[in-house]
Amino acid sequence: MAEALIAAVVPPDRPVDLLVLAYSIHDVQPGRATATYLSSVCPGTPLSFAICDQGSAAAFTGLRIATDYRADPSGSGRVLLIVLEQAVLPYPTAPGVPAARPTRHRGVALLFEREPAEPEPTEPRQFEGAAAARLVGLRQRPGVAAADVAEQAAADLADLSAGRCRVRVLASPALAASWPGPSDDGLEVGPADQPATGPWWQLLDVLATEQPDLLVVADYDPELGYLCLAAFTR
């Protein structure tokens with residue numbers, strides 16, 4: 001999945017500096033380091049690493065790292081974040097302890113670039129299913145108790161959406177259950193069976209068809225206590 005995404009979004013003449021692989025279901029195969037292998041097939045042979053054991057917060061951690069790395073003036077500022085989930089485990093689980101897994105294999109690639117001081121003289125390359133947006137805000141809070149989710153989510157959303165008229169929120173089912181506002185107030189709930197990629201798949205769909213002032217991807221992992229919000233605009 002990741003190789004196909006790399007081929008689709010990274011042109012050979014525009015290599016990336018950093019590749020971040022975010023996932024929640026382990027892909028353990030002896031003798032193979034997936035992130036290292038992906039670097040070898042990605043234009044630029046970028047520095048690469050994986051983020052796991054953070055549940056659905058892994059993608060938001062990848063966003064935070066991409067934002068920090070993109071600001072480094074020593075590189076091109078191009079970062080590829082790949083969010084993956086697979087419907088199978090490559091090893092058996094403990095008896096009587098079934099592992100939750102998504103319904104199907106799915107991957108989403110987000111390519112970050114530093115905004116140029118001057119517009120590029122040519123039109124940027126477009127890919128099937130691609131949509132352009134700017135990340136304008138990110139909030140990632142660990143250790144949020146379920147009883148505090150509504151208050152903290154409301155505060156973070158108010159901060160991110162200040163001055164915006166039309167705000168769409170793409171929320172995970174876990175966060176929607178504690179959402180501080182009306183369910184019909186710009187809120188769209190993602191699929192429960194694709195916890196890692198569902199919100200990002202929705203983001204691409206909305207960006208391709210609508211023009212809200214602000215799109216906020218919001219998630220809460222009740223097991224790990226991560227509350228995450230990422231705000232995008234066109």
# chains A, B, ... in the order shown; residues from 1 in each chain; ligands from 1
call {"tool": "residues_around", "arguments": {"residues": "stretch 64-72 of chain A", "least_positions_apart": "5", "cutoff": "9 Å", "atoms": "only C-alpha atoms", "output": "list in words"}}
result
Asp17, Leu18, Leu19, Val20, Ala59, Gly77, Arg78, Val79, Leu80, Leu81, Phe112, Glu113, Arg114, Leu135, Leu138, Arg139 and Gln140 of chain A
call {"tool": "closest_residue", "arguments": {"among": "A:Ala7, A:Leu63, A:Leu204, A:Leu227", "to": "A:Ala145", "atoms": "only C-alpha atoms"}}
result
A:Leu227
call {"tool": "residues_around", "arguments": {"residues": "A:Ala2", "least_positions_apart": "3", "cutoff": "8 Å", "atoms": "only C-alpha atoms", "output": "list in words"}}
result
Leu5, Ile6, Leu38, Ile82, Leu84 and Gly107 of chain A
call {"tool": "residues_around", "arguments": {"residues": "A:Val149", "least_positions_apart": "2", "cutoff": "12 Å", "atoms": "only C-alpha atoms", "output": "PyMOL selection string"}}
result
chain A and resi 141-147+151-157+174-180+218-222+225-229
call {"tool": "write_last_selection", "arguments": {"atoms": "N, CA and C atoms", "output": "mmCIF file, in the first residue's frame"}}
result
data_model
loop_
_atom_site.group_PDB
_atom_site.id
_atom_site.type_symbol
_atom_site.label_atom_id
_atom_site.label_comp_id
_atom_site.auth_asym_id
_atom_site.auth_seq_id
_atom_site.Cartn_x
_atom_site.Cartn_y
_atom_site.Cartn_z
ATOM 1 N N ARG A 141 -3.294 16.476 22.921
ATOM 2 C CA ARG A 141 -3.244 16.444 24.379
ATOM 3 C C ARG A 141 -3.315 14.996 24.870
ATOM 4 N N PRO A 142 -2.283 14.539 25.575
ATOM 5 C CA PRO A 142 -2.304 13.196 26.158
ATOM 6 C C PRO A 142 -2.964 13.214 27.535
ATOM 7 N N GLY A 143 -3.388 12.047 27.976
ATOM 8 C CA GLY A 143 -3.897 11.910 29.340
ATOM 9 C C GLY A 143 -5.174 12.654 29.642
ATOM 10 N N VAL A 144 -6.063 12.792 28.653
ATOM 11 C CA VAL A 144 -7.345 13.465 28.879
ATOM 12 C C VAL A 144 -8.372 12.420 29.315
ATOM 13 N N ALA A 145 -8.919 12.594 30.498
ATOM 14 C CA ALA A 145 -9.929 11.664 31.005
ATOM 15 C C ALA A 145 -11.233 11.829 30.233
ATOM 16 N N ALA A 146 -12.001 10.756 30.155
ATOM 17 C CA ALA A 146 -13.248 10.796 29.399
ATOM 18 C C ALA A 146 -14.180 11.897 29.891
ATOM 19 N N ALA A 147 -14.198 12.135 31.193
ATOM 20 C CA ALA A 147 -15.078 13.155 31.757
ATOM 21 C C ALA A 147 -14.665 14.565 31.361
ATOM 22 N N GLU A 151 -15.230 19.377 27.567
ATOM 23 C CA GLU A 151 -14.758 20.723 27.902
ATOM 24 C C GLU A 151 -13.475 21.068 27.148
ATOM 25 N N GLN A 152 -12.540 20.125 27.122
ATOM 26 C CA GLN A 152 -11.268 20.402 26.445
ATOM 27 C C GLN A 152 -11.444 20.510 24.936
ATOM 28 N N ALA A 153 -12.286 19.650 24.364
ATOM 29 C CA ALA A 153 -12.535 19.706 22.921
ATOM 30 C C ALA A 153 -13.191 21.020 22.538
ATOM 31 N N ALA A 154 -14.131 21.490 23.347
ATOM 32 C CA ALA A 154 -14.797 22.765 23.075
ATOM 33 C C ALA A 154 -13.805 23.915 23.108
ATOM 34 N N ALA A 155 -12.903 23.899 24.088
ATOM 35 C CA ALA A 155 -11.917 24.970 24.206
ATOM 36 C C ALA A 155 -10.950 24.968 23.024
ATOM 37 N N ASP A 156 -10.488 23.787 22.633
ATOM 38 C CA ASP A 156 -9.547 23.702 21.521
ATOM 39 C C ASP A 156 -10.212 24.086 20.205
ATOM 40 N N LEU A 157 -11.446 23.661 20.003
ATOM 41 C CA LEU A 157 -12.152 24.004 18.779
ATOM 42 C C LEU A 157 -12.385 25.508 18.696
ATOM 43 N N ALA A 174 -15.626 7.863 18.736
ATOM 44 C CA ALA A 174 -15.310 7.981 20.156
ATOM 45 C C ALA A 174 -15.419 9.424 20.633
ATOM 46 N N LEU A 175 -14.988 10.364 19.799
ATOM 47 C CA LEU A 175 -15.095 11.772 20.185
ATOM 48 C C LEU A 175 -16.515 12.288 20.011
ATOM 49 N N ALA A 176 -17.210 11.832 18.982
ATOM 50 C CA ALA A 176 -18.582 12.293 18.742
ATOM 51 C C ALA A 176 -19.493 11.970 19.922
ATOM 52 N N ALA A 177 -19.206 10.868 20.625
ATOM 53 C CA ALA A 177 -20.023 10.493 21.778
ATOM 54 C C ALA A 177 -19.940 11.520 22.892
ATOM 55 N N SER A 178 -18.846 12.299 22.936
ATOM 56 C CA SER A 178 -18.672 13.313 23.969
ATOM 57 C C SER A 178 -18.633 14.719 23.387
ATOM 58 N N TRP A 179 -19.112 14.881 22.155
ATOM 59 C CA TRP A 179 -18.969 16.172 21.478
ATOM 60 C C TRP A 179 -19.720 17.271 22.234
ATOM 61 N N PRO A 180 -19.094 18.434 22.427
ATOM 62 C CA PRO A 180 -19.720 19.485 23.243
ATOM 63 C C PRO A 180 -20.839 20.247 22.571
ATOM 64 N N ALA A 218 -10.877 15.692 14.168
ATOM 65 C CA ALA A 218 -10.843 15.575 15.633
ATOM 66 C C ALA A 218 -11.005 14.121 16.048
ATOM 67 N N ASP A 219 -10.225 13.716 17.041
ATOM 68 C CA ASP A 219 -10.250 12.319 17.457
ATOM 69 C C ASP A 219 -9.947 12.213 18.949
ATOM 70 N N TYR A 220 -10.487 11.168 19.552
ATOM 71 C CA TYR A 220 -10.190 10.861 20.946
ATOM 72 C C TYR A 220 -10.007 9.363 21.072
ATOM 73 N N ASP A 221 -8.896 8.959 21.669
ATOM 74 C CA ASP A 221 -8.625 7.552 21.911
ATOM 75 C C ASP A 221 -8.929 7.263 23.377
ATOM 76 N N PRO A 222 -10.053 6.611 23.682
ATOM 77 C CA PRO A 222 -10.443 6.414 25.079
ATOM 78 C C PRO A 222 -9.504 5.484 25.851
ATOM 79 N N GLY A 225 -6.219 7.909 26.039
ATOM 80 C CA GLY A 225 -6.487 9.250 26.549
ATOM 81 C C GLY A 225 -5.960 10.383 25.691
ATOM 82 N N TYR A 226 -5.695 10.134 24.410
ATOM 83 C CA TYR A 226 -5.233 11.184 23.513
ATOM 84 C C TYR A 226 -6.425 11.943 22.919
ATOM 85 N N LEU A 227 -6.404 13.263 23.029
ATOM 86 C CA LEU A 227 -7.372 14.136 22.371
ATOM 87 C C LEU A 227 -6.614 14.952 21.346
ATOM 88 N N CYS A 228 -7.013 14.858 20.081
ATOM 89 C CA CYS A 228 -6.255 15.491 18.990
ATOM 90 C C CYS A 228 -7.191 16.237 18.046
ATOM 91 N N LEU A 229 -6.789 17.435 17.657
ATOM 92 C CA LEU A 229 -7.519 18.213 16.662
ATOM 93 C C LEU A 229 -6.520 18.832 15.693
#
call {"tool": "select_by_dssp", "arguments": {"residues": "stretch 127-179 of chain A", "states": "strand (DSSP E or B)", "output": "list in words"}}
result
Arg134, Leu135, Val136, Gly137, Leu138, Arg139, Gln140, Arg141, Val167, Arg168, Val169, Leu170 and Ala171 of chain A
call {"tool": "select_by_dssp", "arguments": {"residues": "stretch 150-205 of chain A", "states": "alpha helix (DSSP H)", "output": "list in words"}}
result
Ala150, Glu151, Gln152, Ala153, Ala154, Ala155, Asp156, Leu157, Ala158, Asp159, Leu160, Pro173, Ala174, Leu175, Ala176, Gly198, Pro199, Trp200, Trp201, Gln202, Leu203, Leu204 and Asp205 of chain A
call {"tool": "write_last_selection", "arguments": {"atoms": "C-alpha atoms", "output": "mmCIF file, in the first residue's frame"}}
result
data_model
loop_
_atom_site.group_PDB
_atom_site.id
_atom_site.type_symbol
_atom_site.label_atom_id
_atom_site.label_comp_id
_atom_site.auth_asym_id
_atom_site.auth_seq_id
_atom_site.Cartn_x
_atom_site.Cartn_y
_atom_site.Cartn_z
ATOM 1 C CA ALA A 150 -16.154 17.673 26.094
ATOM 2 C CA GLU A 151 -14.758 20.723 27.902
ATOM 3 C CA GLN A 152 -11.268 20.402 26.445
ATOM 4 C CA ALA A 153 -12.535 19.706 22.921
ATOM 5 C CA ALA A 154 -14.797 22.765 23.075
ATOM 6 C CA ALA A 155 -11.917 24.970 24.206
ATOM 7 C CA ASP A 156 -9.547 23.702 21.521
ATOM 8 C CA LEU A 157 -12.152 24.004 18.779
ATOM 9 C CA ALA A 158 -12.986 27.572 19.818
ATOM 10 C CA ASP A 159 -9.295 28.456 19.717
ATOM 11 C CA LEU A 160 -8.699 26.875 16.302
ATOM 12 C CA PRO A 173 -17.119 8.005 16.799
ATOM 13 C CA ALA A 174 -15.310 7.981 20.156
ATOM 14 C CA LEU A 175 -15.095 11.772 20.185
ATOM 15 C CA ALA A 176 -18.582 12.293 18.742
ATOM 16 C CA GLY A 198 -11.184 7.066 8.456
ATOM 17 C CA PRO A 199 -10.914 10.780 9.408
ATOM 18 C CA TRP A 200 -8.145 11.430 6.861
ATOM 19 C CA TRP A 201 -10.112 9.708 4.111
ATOM 20 C CA GLN A 202 -13.031 12.006 4.979
ATOM 21 C CA LEU A 203 -10.732 15.017 4.888
ATOM 22 C CA LEU A 204 -9.697 14.280 1.305
ATOM 23 C CA ASP A 205 -13.323 13.729 0.259
#
call {"tool": "atom_distance", "arguments": {"atom1": "atom CA of A:Phe49", "atom2": "atom CA of A:Leu21"}}
result
6.3 Å
call {"tool": "atom_distance", "arguments": {"atom1": "atom CA of A:Ala22", "atom2": "atom CA of A:Thr61"}}
result
8.4 Å
call {"tool": "atom_distance", "arguments": {"atom1": "atom CA of A:Cys42", "atom2": "atom CA of A:Thr103"}}
result
27.9 Å
call {"tool": "residues_around", "arguments": {"residues": "A:Glu85", "least_positions_apart": "6", "cutoff": "8 Å", "atoms": "only C-alpha atoms", "output": "MDAnalysis selection string"}}
result
chainID A and resid 23:25 102 104:107 194 196:197
call {"tool": "closest_residue", "arguments": {"among": "A:Pro43, A:Val217, A:Cys165, A:Val16", "to": "A:Leu187", "atoms": "only C-alpha atoms"}}
result
A:Val217
call {"tool": "closest_residue", "arguments": {"among": "A:Ser56, A:Thr209, A:Ser74, A:Gln86", "to": "A:Glu223", "atoms": "only C-alpha atoms"}}
result
A:Ser56
